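Participant: I am sharing target-v3.pdb, which consists of PDB, C-alpha atoms:
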ATOM      1  CA  MET A 156     121.863 111.904  89.355
ATOM      2  CA  LYS A 157     122.036 115.295  91.038
ATOM      3  CA  ILE A 158     118.930 115.468  93.224
ATOM      4  CA  LEU A 159     117.640 118.361  95.302
ATOM      5  CA  VAL A 160     115.892 117.230  98.489
ATOM      6  CA  THR A 161     114.176 119.878 100.601
ATOM      7  CA  GLY A 162     113.577 119.172 104.279
ATOM      8  CA  THR A 163     116.756 117.114 104.802
ATOM      9  CA  ALA A 164     116.829 117.881 108.538
ATOM     10  CA  GLY A 165     113.339 116.395 108.696
ATOM     11  CA  PHE A 166     112.241 112.837 109.355
ATOM     12  CA  ILE A 167     111.445 111.640 105.832
ATOM     13  CA  GLY A 168     113.954 113.934 104.115
ATOM     14  CA  SER A 169     116.933 112.722 106.134
ATOM     15  CA  HIS A 170     116.104 109.044 105.502
ATOM     16  CA  LEU A 171     115.526 109.697 101.789
ATOM     17  CA  ALA A 172     118.789 111.640 101.370
ATOM     18  CA  HIS A 173     120.670 108.819 103.108
ATOM     19  CA  ARG A 174     119.277 106.220 100.703
ATOM     20  CA  LEU A 175     119.948 108.339  97.617
ATOM     21  CA  LEU A 176     123.560 108.898  98.705
ATOM     22  CA  GLU A 177     123.955 105.156  99.355
ATOM     23  CA  ARG A 178     122.958 104.373  95.776
ATOM     24  CA  GLY A 179     125.439 106.916  94.403
ATOM     25  CA  ASP A 180     123.330 109.993  93.736
ATOM     26  CA  GLU A 181     124.564 113.491  94.540
ATOM     27  CA  VAL A 182     122.198 115.225  97.002
ATOM     28  CA  ILE A 183     121.730 118.936  97.591
ATOM     29  CA  GLY A 184     119.900 119.168 100.904
ATOM     30  CA  VAL A 185     117.893 122.273 101.790
ATOM     31  CA  ASP A 186     116.551 122.962 105.278
ATOM     32  CA  ASN A 187     116.203 126.045 107.465
ATOM     33  CA  VAL A 188     116.396 123.892 110.662
ATOM     34  CA  ASN A 189     113.604 125.838 112.357
ATOM     35  CA  ASP A 190     112.523 125.285 115.963
ATOM     36  CA  TYR A 191     109.042 123.822 115.341
ATOM     37  CA  TYR A 192     110.465 120.873 117.293
ATOM     38  CA  ASP A 193     113.801 119.887 118.886
ATOM     39  CA  VAL A 194     116.624 121.431 116.851
ATOM     40  CA  ASN A 195     119.125 118.978 118.397
ATOM     41  CA  LEU A 196     117.293 116.077 116.763
ATOM     42  CA  LYS A 197     117.361 117.867 113.396
ATOM     43  CA  GLU A 198     121.092 118.578 113.754
ATOM     44  CA  ALA A 199     121.719 114.922 114.644
ATOM     45  CA  ARG A 200     119.876 113.801 111.500
ATOM     46  CA  LEU A 201     121.918 116.230 109.399
ATOM     47  CA  SER A 202     125.203 115.119 110.937
ATOM     48  CA  ARG A 203     124.557 111.606 109.581
ATOM     49  CA  LEU A 204     124.408 113.110 106.079
ATOM     50  CA  THR A 205     127.184 115.704 106.153
ATOM     51  CA  SER A 206     129.756 112.953 106.758
ATOM     52  CA  ILE A 207     128.798 111.212 103.484
ATOM     53  CA  GLN A 208     130.531 112.166 100.229
ATOM     54  CA  GLY A 209     128.143 113.658  97.701
ATOM     55  CA  PHE A 210     125.992 115.612 100.169
ATOM     56  CA  THR A 211     125.844 119.408  99.984
ATOM     57  CA  GLU A 212     123.978 121.241 102.751
ATOM     58  CA  VAL A 213     122.125 124.469 101.943
ATOM     59  CA  ARG A 214     120.747 126.021 105.142
ATOM     60  CA  GLU A 215     118.012 128.239 103.760
ATOM     61  CA  ASP A 216     114.239 128.696 103.990
ATOM     62  CA  VAL A 217     112.283 127.553 100.930
ATOM     63  CA  ALA A 218     110.066 130.617 101.454
ATOM     64  CA  ASN A 219     113.098 132.852 100.710
ATOM     65  CA  ARG A 220     112.651 133.559  97.014
ATOM     66  CA  GLN A 221     116.097 135.017  96.337
ATOM     67  CA  ALA A 222     117.857 132.198  98.183
ATOM     68  CA  MET A 223     115.953 129.539  96.214
ATOM     69  CA  GLU A 224     116.648 131.260  92.891
ATOM     70  CA  ALA A 225     120.362 131.379  93.711
ATOM     71  CA  MET A 226     120.425 127.771  94.914
ATOM     72  CA  PHE A 227     118.770 126.413  91.741
ATOM     73  CA  ALA A 228     121.046 128.520  89.544
ATOM     74  CA  GLU A 229     124.190 127.317  91.327
ATOM     75  CA  HIS A 230     123.454 123.603  91.704
ATOM     76  CA  LYS A 231     121.220 122.861  88.675
ATOM     77  CA  PRO A 232     119.522 119.726  90.060
ATOM     78  CA  GLU A 233     118.181 117.203  87.561
ATOM     79  CA  ARG A 234     115.320 116.085  89.800
ATOM     80  CA  VAL A 235     113.698 117.474  92.948
ATOM     81  CA  VAL A 236     111.983 115.888  95.943
ATOM     82  CA  HIS A 237     110.196 118.640  97.871
ATOM     83  CA  LEU A 238     109.459 117.567 101.442
ATOM     84  CA  ALA A 239     110.059 120.838 103.338
ATOM     85  CA  ALA A 240     106.780 122.076 104.813
ATOM     86  CA  GLN A 241     105.134 123.283 107.964
ATOM     87  CA  ALA A 242     103.686 120.024 109.249
ATOM     88  CA  GLY A 243     101.005 119.212 111.799
ATOM     89  CA  VAL A 244      97.224 119.515 111.823
ATOM     90  CA  ARG A 245      96.743 120.885 115.344
ATOM     91  CA  TYR A 246      99.507 123.498 115.064
ATOM     92  CA  SER A 247      97.727 124.967 112.021
ATOM     93  CA  LEU A 248      94.946 126.073 114.382
ATOM     94  CA  GLU A 249      97.462 128.104 116.422
ATOM     95  CA  ASN A 250      99.787 129.478 113.744
ATOM     96  CA  PRO A 251      98.104 129.638 110.323
ATOM     97  CA  HIS A 252     100.619 132.072 108.809
ATOM     98  CA  ALA A 253     103.420 129.502 109.148
ATOM     99  CA  TYR A 254     101.507 127.258 106.726
ATOM    100  CA  ILE A 255     101.004 129.990 104.147
ATOM    101  CA  ASP A 256     104.703 130.939 104.217
ATOM    102  CA  ALA A 257     106.184 127.430 104.088
ATOM    103  CA  ASN A 258     103.562 125.462 102.196
ATOM    104  CA  LEU A 259     102.316 127.999  99.636
ATOM    105  CA  VAL A 260     105.064 130.614  99.201
ATOM    106  CA  GLY A 261     107.779 127.962  99.619
ATOM    107  CA  PHE A 262     106.146 125.635  97.105
ATOM    108  CA  THR A 263     105.815 128.452  94.579
ATOM    109  CA  ASN A 264     109.566 129.064  94.849
ATOM    110  CA  ILE A 265     110.270 125.367  94.234
ATOM    111  CA  LEU A 266     107.918 125.247  91.226
ATOM    112  CA  GLU A 267     109.573 128.335  89.740
ATOM    113  CA  GLY A 268     113.039 126.892  90.365
ATOM    114  CA  CYS A 269     112.077 123.680  88.562
ATOM    115  CA  ARG A 270     110.472 125.557  85.681
ATOM    116  CA  HIS A 271     113.408 127.886  85.007
ATOM    117  CA  ASN A 272     116.109 125.240  85.420
ATOM    118  CA  SER A 273     114.664 122.423  83.283
ATOM    119  CA  VAL A 274     114.182 119.988  86.172
ATOM    120  CA  LYS A 275     113.149 116.627  84.705
ATOM    121  CA  HIS A 276     110.809 115.540  87.523
ATOM    122  CA  LEU A 277     109.406 117.158  90.675
ATOM    123  CA  VAL A 278     108.118 114.808  93.379
ATOM    124  CA  TYR A 279     106.472 116.589  96.305
ATOM    125  CA  ALA A 280     104.839 115.720  99.600
ATOM    126  CA  SER A 281     101.092 115.924  99.818
ATOM    127  CA  SER A 282      99.172 114.342 102.703
ATOM    128  CA  SER A 283      96.377 111.930 103.558
ATOM    129  CA  SER A 284      94.761 114.899 105.344
ATOM    130  CA  VAL A 285      93.523 116.195 101.948
ATOM    131  CA  TYR A 286      90.756 113.583 102.145
ATOM    132  CA  GLY A 287      89.185 115.664 104.920
ATOM    133  CA  ALA A 288      85.480 114.950 105.263
ATOM    134  CA  ASN A 289      85.591 111.980 102.833
ATOM    135  CA  GLU A 290      84.273 108.807 104.446
ATOM    136  CA  ALA A 291      84.409 106.204 101.661
ATOM    137  CA  MET A 292      87.304 103.863 102.505
ATOM    138  CA  PRO A 293      89.906 103.091 101.360
ATOM    139  CA  PHE A 294      90.737 106.611 100.181
ATOM    140  CA  SER A 295      91.418 106.717  96.441
ATOM    141  CA  ILE A 296      93.354 109.283  94.402
ATOM    142  CA  HIS A 297      90.438 109.125  91.936
ATOM    143  CA  ASP A 298      88.065 110.600  94.566
ATOM    144  CA  ASN A 299      87.176 114.277  94.846
ATOM    145  CA  VAL A 300      89.024 115.954  97.771
ATOM    146  CA  ASP A 301      87.381 119.371  98.066
ATOM    147  CA  HIS A 302      86.471 119.320 101.763
ATOM    148  CA  PRO A 303      89.651 119.704 103.878
ATOM    149  CA  LEU A 304      89.227 119.961 107.653
ATOM    150  CA  SER A 305      92.369 121.949 108.532
ATOM    151  CA  LEU A 306      94.483 124.702 106.992
ATOM    152  CA  TYR A 307      97.351 122.202 106.775
ATOM    153  CA  ALA A 308      95.167 119.943 104.613
ATOM    154  CA  ALA A 309      94.021 122.895 102.514
ATOM    155  CA  SER A 310      97.650 123.930 101.900
ATOM    156  CA  LYS A 311      98.503 120.417 100.686
ATOM    157  CA  LYS A 312      95.477 120.329  98.379
ATOM    158  CA  ALA A 313      96.610 123.738  97.078
ATOM    159  CA  ASN A 314     100.064 122.257  96.334
ATOM    160  CA  GLU A 315      98.448 119.597  94.149
ATOM    161  CA  LEU A 316      96.508 122.254  92.217
ATOM    162  CA  MET A 317      99.594 124.463  91.821
ATOM    163  CA  ALA A 318     101.649 121.508  90.557
ATOM    164  CA  HIS A 319      98.974 120.665  87.993
ATOM    165  CA  THR A 320      99.080 124.211  86.652
ATOM    166  CA  TYR A 321     102.850 123.977  86.085
ATOM    167  CA  SER A 322     102.543 120.525  84.521
ATOM    168  CA  HIS A 323      99.886 121.868  82.159
ATOM    169  CA  LEU A 324     101.482 125.226  81.275
ATOM    170  CA  TYR A 325     105.138 124.186  81.061
ATOM    171  CA  ASN A 326     104.935 120.430  80.357
ATOM    172  CA  MET A 327     106.785 119.932  83.654
ATOM    173  CA  PRO A 328     106.444 116.402  85.100
ATOM    174  CA  THR A 329     105.155 116.525  88.705
ATOM    175  CA  THR A 330     104.105 113.758  91.086
ATOM    176  CA  GLY A 331     102.378 114.339  94.420
ATOM    177  CA  LEU A 332     102.592 111.709  97.170
ATOM    178  CA  ARG A 333      99.870 111.637  99.802
ATOM    179  CA  PHE A 334     101.696 110.300 102.858
ATOM    180  CA  PHE A 335      99.761 108.261 105.418
ATOM    181  CA  THR A 336     101.066 108.556 109.032
ATOM    182  CA  VAL A 337     104.777 107.839 108.601
ATOM    183  CA  TYR A 338     106.663 106.448 111.622
ATOM    184  CA  GLY A 339     109.996 104.891 112.531
ATOM    185  CA  PRO A 340     113.485 105.691 113.912
ATOM    186  CA  TRP A 341     114.483 109.388 113.840
ATOM    187  CA  GLY A 342     110.765 110.251 113.776
ATOM    188  CA  ARG A 343     109.089 113.536 114.692
ATOM    189  CA  PRO A 344     108.612 114.406 118.393
ATOM    190  CA  ASP A 345     105.116 115.798 117.672
ATOM    191  CA  MET A 346     103.869 112.445 116.361
ATOM    192  CA  ALA A 347     101.931 109.938 118.477
ATOM    193  CA  LEU A 348     104.566 107.170 118.542
ATOM    194  CA  PHE A 349     107.273 109.524 119.826
ATOM    195  CA  ILE A 350     105.003 111.172 122.417
ATOM    196  CA  PHE A 351     103.595 107.872 123.679
ATOM    197  CA  THR A 352     106.988 106.156 123.942
ATOM    198  CA  LYS A 353     108.520 109.121 125.769
ATOM    199  CA  LYS A 354     105.667 109.441 128.277
ATOM    200  CA  ILE A 355     105.193 105.725 128.936
ATOM    201  CA  LEU A 356     108.924 105.332 129.656
ATOM    202  CA  ALA A 357     108.758 108.365 131.986
ATOM    203  CA  GLY A 358     105.648 107.038 133.756
ATOM    204  CA  GLU A 359     103.543 110.011 132.593
ATOM    205  CA  PRO A 360      99.920 109.795 131.370
ATOM    206  CA  ILE A 361      99.228 109.958 127.623
ATOM    207  CA  ASP A 362      96.378 111.827 125.909
ATOM    208  CA  VAL A 363      94.397 109.421 123.725
ATOM    209  CA  PHE A 364      92.087 111.317 121.380
ATOM    210  CA  ASN A 365      88.821 109.917 120.033
ATOM    211  CA  HIS A 366      88.974 107.463 122.993
ATOM    212  CA  GLY A 367      91.543 105.372 121.085
ATOM    213  CA  HIS A 368      89.204 104.642 118.171
ATOM    214  CA  HIS A 369      91.288 106.551 115.614
ATOM    215  CA  LYS A 370      92.383 104.310 112.764
ATOM    216  CA  ARG A 371      95.581 105.193 110.952
ATOM    217  CA  ASP A 372      97.404 103.689 107.974
ATOM    218  CA  PHE A 373     100.722 103.680 109.865
ATOM    219  CA  THR A 374     103.515 103.420 107.265
ATOM    220  CA  TYR A 375     107.099 102.542 108.167
ATOM    221  CA  ILE A 376     109.802 104.966 107.031
ATOM    222  CA  ASP A 377     111.784 102.402 104.969
ATOM    223  CA  ASP A 378     108.659 101.520 102.973
ATOM    224  CA  ILE A 379     107.963 105.228 102.407
ATOM    225  CA  VAL A 380     111.517 105.932 101.195
ATOM    226  CA  GLU A 381     111.392 102.959  98.817
ATOM    227  CA  GLY A 382     108.141 104.303  97.378
ATOM    228  CA  VAL A 383     109.501 107.850  97.012
ATOM    229  CA  ILE A 384     112.609 106.647  95.149
ATOM    230  CA  ARG A 385     110.612 104.394  92.832
ATOM    231  CA  THR A 386     108.294 107.324  92.087
ATOM    232  CA  LEU A 387     111.211 109.707  91.488
ATOM    233  CA  ASP A 388     112.691 107.262  88.968
ATOM    234  CA  ASN A 389     109.321 106.864  87.222
ATOM    235  CA  VAL A 390     108.825 110.285  85.608
ATOM    236  CA  ALA A 391     105.191 111.427  85.467
ATOM    237  CA  THR A 392     103.507 111.129  82.063
ATOM    238  CA  PRO A 393     100.141 112.254  80.666
ATOM    239  CA  ASN A 394      97.195 109.875  80.899
ATOM    240  CA  PRO A 395      96.167 109.273  77.252
ATOM    241  CA  ASP A 396      92.658 108.263  78.369
ATOM    242  CA  TRP A 397      92.025 111.397  80.442
ATOM    243  CA  SER A 398      88.802 113.189  79.560
ATOM    244  CA  GLY A 399      87.580 116.654  80.499
ATOM    245  CA  GLU A 400      84.030 115.325  80.376
ATOM    246  CA  LYS A 401      84.785 112.893  83.225
ATOM    247  CA  PRO A 402      87.938 114.371  84.772
ATOM    248  CA  ASP A 403      90.025 111.958  86.842
ATOM    249  CA  PRO A 404      91.510 113.851  89.851
ATOM    250  CA  GLY A 405      94.539 111.540  90.122
ATOM    251  CA  THR A 406      95.902 111.953  86.574
ATOM    252  CA  SER A 407      95.772 114.481  83.754
ATOM    253  CA  MET A 408      96.298 115.198  80.082
ATOM    254  CA  ALA A 409      99.448 116.908  81.431
ATOM    255  CA  PRO A 410     102.476 115.000  82.881
ATOM    256  CA  TYR A 411     100.926 114.996  86.355
ATOM    257  CA  ARG A 412     100.302 112.183  88.832
ATOM    258  CA  LEU A 413      99.044 111.743  92.360
ATOM    259  CA  TYR A 414      99.576 108.648  94.503
ATOM    260  CA  ASN A 415      98.629 107.463  97.949
ATOM    261  CA  ILE A 416     101.626 106.076  99.792
ATOM    262  CA  GLY A 417     100.525 104.094 102.836
ATOM    263  CA  SER A 418     100.658 100.637 104.352
ATOM    264  CA  ASN A 419      97.186  99.700 103.060
ATOM    265  CA  ASN A 420      96.566  98.249 106.530
ATOM    266  CA  PRO A 421      94.915 100.608 109.061
ATOM    267  CA  VAL A 422      95.513  99.962 112.769
ATOM    268  CA  GLU A 423      93.329 101.258 115.613
ATOM    269  CA  LEU A 424      95.140 103.665 117.953
ATOM    270  CA  SER A 425      94.326 101.512 120.999
ATOM    271  CA  ARG A 426      96.116  98.541 119.360
ATOM    272  CA  PHE A 427      99.036 100.787 118.380
ATOM    273  CA  ILE A 428      99.418 101.765 122.053
ATOM    274  CA  GLU A 429      99.280  98.103 123.142
ATOM    275  CA  ILE A 430     102.219  97.283 120.836
ATOM    276  CA  ILE A 431     104.236 100.180 122.294
ATOM    277  CA  GLU A 432     103.431  98.960 125.825
ATOM    278  CA  GLU A 433     104.604  95.453 124.932
ATOM    279  CA  ARG A 434     107.910  96.710 123.502
ATOM    280  CA  VAL A 435     108.561  99.224 126.302
ATOM    281  CA  GLY A 436     107.533  96.736 128.998
ATOM    282  CA  LYS A 437     105.222  99.173 130.804
ATOM    283  CA  LYS A 438     101.494  99.897 130.761
ATOM    284  CA  ALA A 439     100.328 103.379 129.779
ATOM    285  CA  GLU A 440      98.168 105.594 131.960
ATOM    286  CA  LYS A 441      95.594 106.975 129.520
ATOM    287  CA  ASN A 442      93.580 110.205 129.416
ATOM    288  CA  LEU A 443      90.734 109.297 127.066
ATOM    289  CA  LEU A 444      89.641 112.424 125.171
ATOM    290  CA  PRO A 445      87.179 113.308 122.367
ATOM    291  CA  LEU A 446      88.071 113.897 118.711
ATOM    292  CA  GLN A 447      90.065 117.127 118.253
ATOM    293  CA  PRO A 448      89.132 119.908 115.776
ATOM    294  CA  GLY A 449      90.747 119.262 112.387
ATOM    295  CA  ASP A 450      91.397 115.577 113.109
ATOM    296  CA  VAL A 451      90.165 112.838 110.765
ATOM    297  CA  PRO A 452      88.770 109.724 112.537
ATOM    298  CA  ALA A 453      90.296 107.225 110.109
ATOM    299  CA  THR A 454      92.737 107.025 107.204
ATOM    300  CA  TYR A 455      93.080 104.022 104.926
ATOM    301  CA  ALA A 456      94.976 104.197 101.652
ATOM    302  CA  ASN A 457      94.165 102.544  98.368
ATOM    303  CA  VAL A 458      97.691 102.177  96.947
ATOM    304  CA  ASP A 459      96.790 100.150  93.840
ATOM    305  CA  ASP A 460      97.994 102.844  91.429
ATOM    306  CA  LEU A 461     101.408 103.056  93.101
ATOM    307  CA  ILE A 462     101.688  99.250  93.066
ATOM    308  CA  ASP A 463     100.723  99.107  89.382
ATOM    309  CA  ASP A 464     102.928 101.996  88.210
ATOM    310  CA  VAL A 465     106.125 101.605  90.264
ATOM    311  CA  GLY A 466     105.881  98.203  91.971
ATOM    312  CA  TYR A 467     105.439  99.682  95.458
ATOM    313  CA  LYS A 468     105.103  96.989  98.106
ATOM    314  CA  PRO A 469     105.121  97.977 101.816
ATOM    315  CA  SER A 470     106.491  95.051 103.826
ATOM    316  CA  THR A 471     107.109  96.217 107.423
ATOM    317  CA  THR A 472     104.566  95.133 110.040
ATOM    318  CA  VAL A 473     103.538  97.651 112.694
ATOM    319  CA  GLU A 474     105.030  95.321 115.344
ATOM    320  CA  GLU A 475     108.442  95.375 113.615
ATOM    321  CA  GLY A 476     108.300  99.099 112.978
ATOM    322  CA  ILE A 477     107.423 100.052 116.556
ATOM    323  CA  ALA A 478     110.132  97.730 117.905
ATOM    324  CA  ASN A 479     112.704  99.453 115.684
ATOM    325  CA  PHE A 480     111.542 102.883 116.840
ATOM    326  CA  VAL A 481     111.568 102.042 120.547
ATOM    327  CA  ASP A 482     115.074 100.543 120.229
ATOM    328  CA  TRP A 483     116.279 103.688 118.433
ATOM    329  CA  TYR A 484     114.621 105.955 121.009
ATOM    330  CA  ARG A 485     116.237 104.146 123.971
ATOM    331  CA  ASP A 486     119.636 104.314 122.288
ATOM    332  CA  PHE A 487     119.419 107.948 121.111
ATOM    333  CA  TYR A 488     118.108 109.327 124.413
ATOM    334  CA  GLN A 489     119.950 106.782 126.591
ATOM    335  CA  VAL A 490     116.743 105.740 128.355
TER     336      VAL A 490
END
Go ahead and render the structure in this file as structure tokens.
Facilitator:
Amino acid sequence: MKILVTGTAGFIGSHLAHRLLERGDEVIGVDNVNDYYDVNLKEARLSRLTSIQGFTEVREDVANRQAMEAMFAEHKPERVVHLAAQAGVRYSLENPHAYIDANLVGFTNILEGCRHNSVKHLVYASSSSVYGANEAMPFSIHDNVDHPLSLYAASKKANELMAHTYSHLYNMPTTGLRFFTVYGPWGRPDMALFIFTKKILAGEPIDVFNHGHHKRDFTYIDDIVEGVIRTLDNVATPNPDWSGEKPDPGTSMAPYRLYNIGSNNPVELSRFIEIIEERVGKKAEKNLLPLQPGDVPATYANVDDLIDDVGYKPSTTVEEGIANFVDWYRDFYQV
């Protein structure tokens, strides 16, 4: 198939594009390669893709309406995986406008491109952060998620609502994936695993928020990519049992679906750090700090719907995943 993947210089996008190319798909990769974090890392991810036959790079911003219209018109993708976004909870406190531009304006441009070019299925990145103030665990796509705790979370919830509108009005199949703390080789420098590994190796202290009692559904990148591809191949359909009297948030009378995509196995941050210490061979010096504004104390995904519908089965233990990341980090940065 010809598949448009946005965010191909990003962590998940680069891994996904690689897998799609390996199985013989043609990939149009869109990314503006901004400087939210190390551009050299983004360029290195892209260089792994540009050497593979079937990959076309489009270096544009999804928030650029004219550029997106031209790109859809030229390449006519059959399916779209939209991963490009302004990420990060804490950064949304400092730079809210970046989230409006990338996550709302950019998503509108992608929806319009899909609508006007008869795209058969749009899969897009949502986030576990949409659960916000919810406390009932594990988080379920059938729960109400109307109390986000950060602008980033609110923008992702807005994406789900926007997608539903297009599914309803234009019979356009859309599937939103709520990612739960993705980690692994080629990961983001603003994520805990990257920061902790870098600082422990350098002998610098690490900031441990919520005194290490955070629980996260850490999900290894290979398991995430497998789930995304299975979802992409399983085009969203209406739920024949959906009722407006008891509306189910995770499905619809329109071809619209939401799924959690996580490991279904939350790990406490303090244990996560211990595993890094074991693999690195050094103990961390810790600054124990309180919970930060916008942070959620725990995430734990109910992934039953994804298992039932596409056969999703995460298989990588956190010990394996961290070992793979630390080995990659040492090799890439020659540490």
Participant: If you apply the PyMOL selection byres ((chain A and resi 162) around 6) to this file, what residues do you get, as a PyMOL selection string?
Facilitator: chain A and resi 161+163-165+168+185-186+238-239
Participant: For A:Phe487, which of A:His297, A:Asp256, A:Gly342, A:Met408 is the closest residue, counting all atoms listed in the file?
Facilitator: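 Using all atoms listed in the file, the shortest distance to A:Phe487 belongs to A:Gly342.
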Participant: Please provide as a PDB file with C-alpha atoms, in the coordinates of the input all residues within 12 Å of A:Glu433, with the sequence filter that same-chain residues fewer than 6 positions apart are discarded (counting only C-alpha atoms).
Facilitator:
ATOM      1  CA  THR A 352     106.988 106.156 123.942  1.00  0.00           C
ATOM      2  CA  ILE A 355     105.193 105.725 128.936  1.00  0.00           C
ATOM      3  CA  LEU A 356     108.924 105.332 129.656  1.00  0.00           C
ATOM      4  CA  ARG A 426      96.116  98.541 119.360  1.00  0.00           C
ATOM      5  CA  PHE A 427      99.036 100.787 118.380  1.00  0.00           C
ATOM      6  CA  ALA A 439     100.328 103.379 129.779  1.00  0.00           C
ATOM      7  CA  GLU A 474     105.030  95.321 115.344  1.00  0.00           C
ATOM      8  CA  GLU A 475     108.442  95.375 113.615  1.00  0.00           C
ATOM      9  CA  ILE A 477     107.423 100.052 116.556  1.00  0.00           C
ATOM     10  CA  ALA A 478     110.132  97.730 117.905  1.00  0.00           C
ATOM     11  CA  VAL A 481     111.568 102.042 120.547  1.00  0.00           C
TER      12      VAL A 481
END
Participant: Give me, please, the distance in Å between atom CA of A:Ala240 and atom CA of A:Asn419, quoted to one decimal.
Facilitator: 24.4 Å
Participant: Would you please work out which residue, of A:Leu316, A:Leu304, A:Ala309, A:Val217, is nearest to A:Asn187 when using only C-alpha atoms?
Facilitator: A:Val217
Participant: Calculated over all atoms listed in the file, which of the candidates A:Cys269, A:Ala357, A:Ile350, A:Leu413 has the smallest distance to A:Lys312?
Facilitator: A:Leu413
Participant: Could you tell me which of A:Asn264, A:Ser202, A:Thr320, A:Asn250 comes closest to A:Gln221 if we count all atoms listed in the file?
Facilitator: A:Asn264
Participant: Can you give me, as a compact mmCIF listing (two decimals) with C-alpha atoms, keeping the file's coordinate frame, the residues this file yields under the PyMOL selection byres ((chain A and resi 330-336) around 8)?
Facilitator:
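See result04.txt below for the written result:
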# COMPACT_ATOMS: atom_id res chain seq x y z
CA HIS A 276 110.81 115.54 87.52
CA LEU A 277 109.41 117.16 90.68
CA VAL A 278 108.12 114.81 93.38
CA TYR A 279 106.47 116.59 96.30
CA ALA A 280 104.84 115.72 99.60
CA SER A 281 101.09 115.92 99.82
CA SER A 282 99.17 114.34 102.70
CA SER A 283 96.38 111.93 103.56
CA GLU A 315 98.45 119.60 94.15
CA PRO A 328 106.44 116.40 85.10
CA THR A 329 105.16 116.52 88.70
CA VAL A 337 104.78 107.84 108.60
CA TYR A 338 106.66 106.45 111.62
CA ARG A 371 95.58 105.19 110.95
CA ASP A 372 97.40 103.69 107.97
CA PHE A 373 100.72 103.68 109.86
CA THR A 374 103.52 103.42 107.26
CA VAL A 383 109.50 107.85 97.01
CA THR A 386 108.29 107.32 92.09
CA ALA A 391 105.19 111.43 85.47
CA TYR A 411 100.93 115.00 86.36
CA ARG A 412 100.30 112.18 88.83
CA LEU A 413 99.04 111.74 92.36
CA TYR A 414 99.58 108.65 94.50
CA ASN A 415 98.63 107.46 97.95
CA ILE A 416 101.63 106.08 99.79
CA GLY A 417 100.52 104.09 102.84
CA SER A 418 100.66 100.64 104.35
CA THR A 454 92.74 107.02 107.20
CA TYR A 455 93.08 104.02 104.93
CA ALA A 456 94.98 104.20 101.65
Participant: Which is closer to A:Glu423 than all the others in A:Lys438, A:Lys401, A:His173, A:His368, using only C-alpha atoms?
Facilitator: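 With only C-alpha atoms as the atom set, the closest residue is A:His368.
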Participant: I'd like to know which of A:Phe294, A:Phe364, A:Tyr192, A:Phe351 is closest to A:Leu443, using all atoms listed in the file.
Facilitator: A:Phe364
Participant: Find the spatial neighbours of A:Lys275, counting all atoms listed in the file, within a cut-off of 8 Å - ignore same-chain residues fewer than 3 positions away - and output them as number ranges by chain.
Facilitator: A: 233-234, 327-328, 390
Participant: Can you tell me, as a PyMOL selection string, what residues are no more than 7 Å from stretch 459-467 of chain A when counting all atoms listed in the file, ignoring any on the same chain fewer than 2 positions away?
Facilitator: chain A and resi 382+385-386+389+414+457+469
Participant: I need the residue set behind the PyMOL selection byres ((chain A and resi 393) around 6) for this file; please write it as a PyMOL selection string.
Facilitator: chain A and resi 392+394+407-410
Participant: Got a sec: who's within 7 Å of A:Asp362, counting all atoms listed in the file, leaving out chain neighbours fewer than 4 positions off, as a PyMOL selection string?
Facilitator: chain A and resi 441-444
Participant: Please list as a ChimeraX atom specification every residue within 9 Å of A:Met156, counting only C-alpha atoms and excluding residues in the same chain fewer than 5 positions away.
Facilitator: /A:179-182,232-234
Participant: Kindly complete stretch 257-266 of chain A to N, CA and C atoms; the output should be written as a PDB file, in the coordinates of the input.
Facilitator:
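Heads up, here's the output in result13.pdb:
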ATOM      1  N   ALA A 257     105.405 128.620 104.457  1.00  0.00           N
ATOM      2  CA  ALA A 257     106.184 127.430 104.088  1.00  0.00           C
ATOM      3  C   ALA A 257     105.519 126.640 102.962  1.00  0.00           C
ATOM      4  N   ASN A 258     104.218 126.420 103.084  1.00  0.00           N
ATOM      5  CA  ASN A 258     103.562 125.462 102.196  1.00  0.00           C
ATOM      6  C   ASN A 258     103.058 126.064 100.889  1.00  0.00           C
ATOM      7  N   LEU A 259     102.779 127.365 100.875  1.00  0.00           N
ATOM      8  CA  LEU A 259     102.316 127.999  99.636  1.00  0.00           C
ATOM      9  C   LEU A 259     103.412 128.851  98.992  1.00  0.00           C
ATOM     10  N   VAL A 260     103.978 129.792  99.750  1.00  0.00           N
ATOM     11  CA  VAL A 260     105.064 130.614  99.201  1.00  0.00           C
ATOM     12  C   VAL A 260     106.274 129.738  98.881  1.00  0.00           C
ATOM     13  N   GLY A 261     106.639 128.850  99.828  1.00  0.00           N
ATOM     14  CA  GLY A 261     107.779 127.962  99.619  1.00  0.00           C
ATOM     15  C   GLY A 261     107.597 127.071  98.409  1.00  0.00           C
ATOM     16  N   PHE A 262     106.396 126.529  98.244  1.00  0.00           N
ATOM     17  CA  PHE A 262     106.146 125.635  97.105  1.00  0.00           C
ATOM     18  C   PHE A 262     106.202 126.388  95.779  1.00  0.00           C
ATOM     19  N   THR A 263     105.718 127.630  95.784  1.00  0.00           N
ATOM     20  CA  THR A 263     105.815 128.452  94.579  1.00  0.00           C
ATOM     21  C   THR A 263     107.274 128.637  94.171  1.00  0.00           C
ATOM     22  N   ASN A 264     108.137 128.885  95.145  1.00  0.00           N
ATOM     23  CA  ASN A 264     109.566 129.064  94.849  1.00  0.00           C
ATOM     24  C   ASN A 264     110.188 127.796  94.262  1.00  0.00           C
ATOM     25  N   ILE A 265     109.757 126.645  94.758  1.00  0.00           N
ATOM     26  CA  ILE A 265     110.270 125.367  94.234  1.00  0.00           C
ATOM     27  C   ILE A 265     109.759 125.142  92.806  1.00  0.00           C
ATOM     28  N   LEU A 266     108.473 125.399  92.579  1.00  0.00           N
ATOM     29  CA  LEU A 266     107.918 125.247  91.226  1.00  0.00           C
ATOM     30  C   LEU A 266     108.638 126.147  90.232  1.00  0.00           C
TER      31      LEU A 266
END
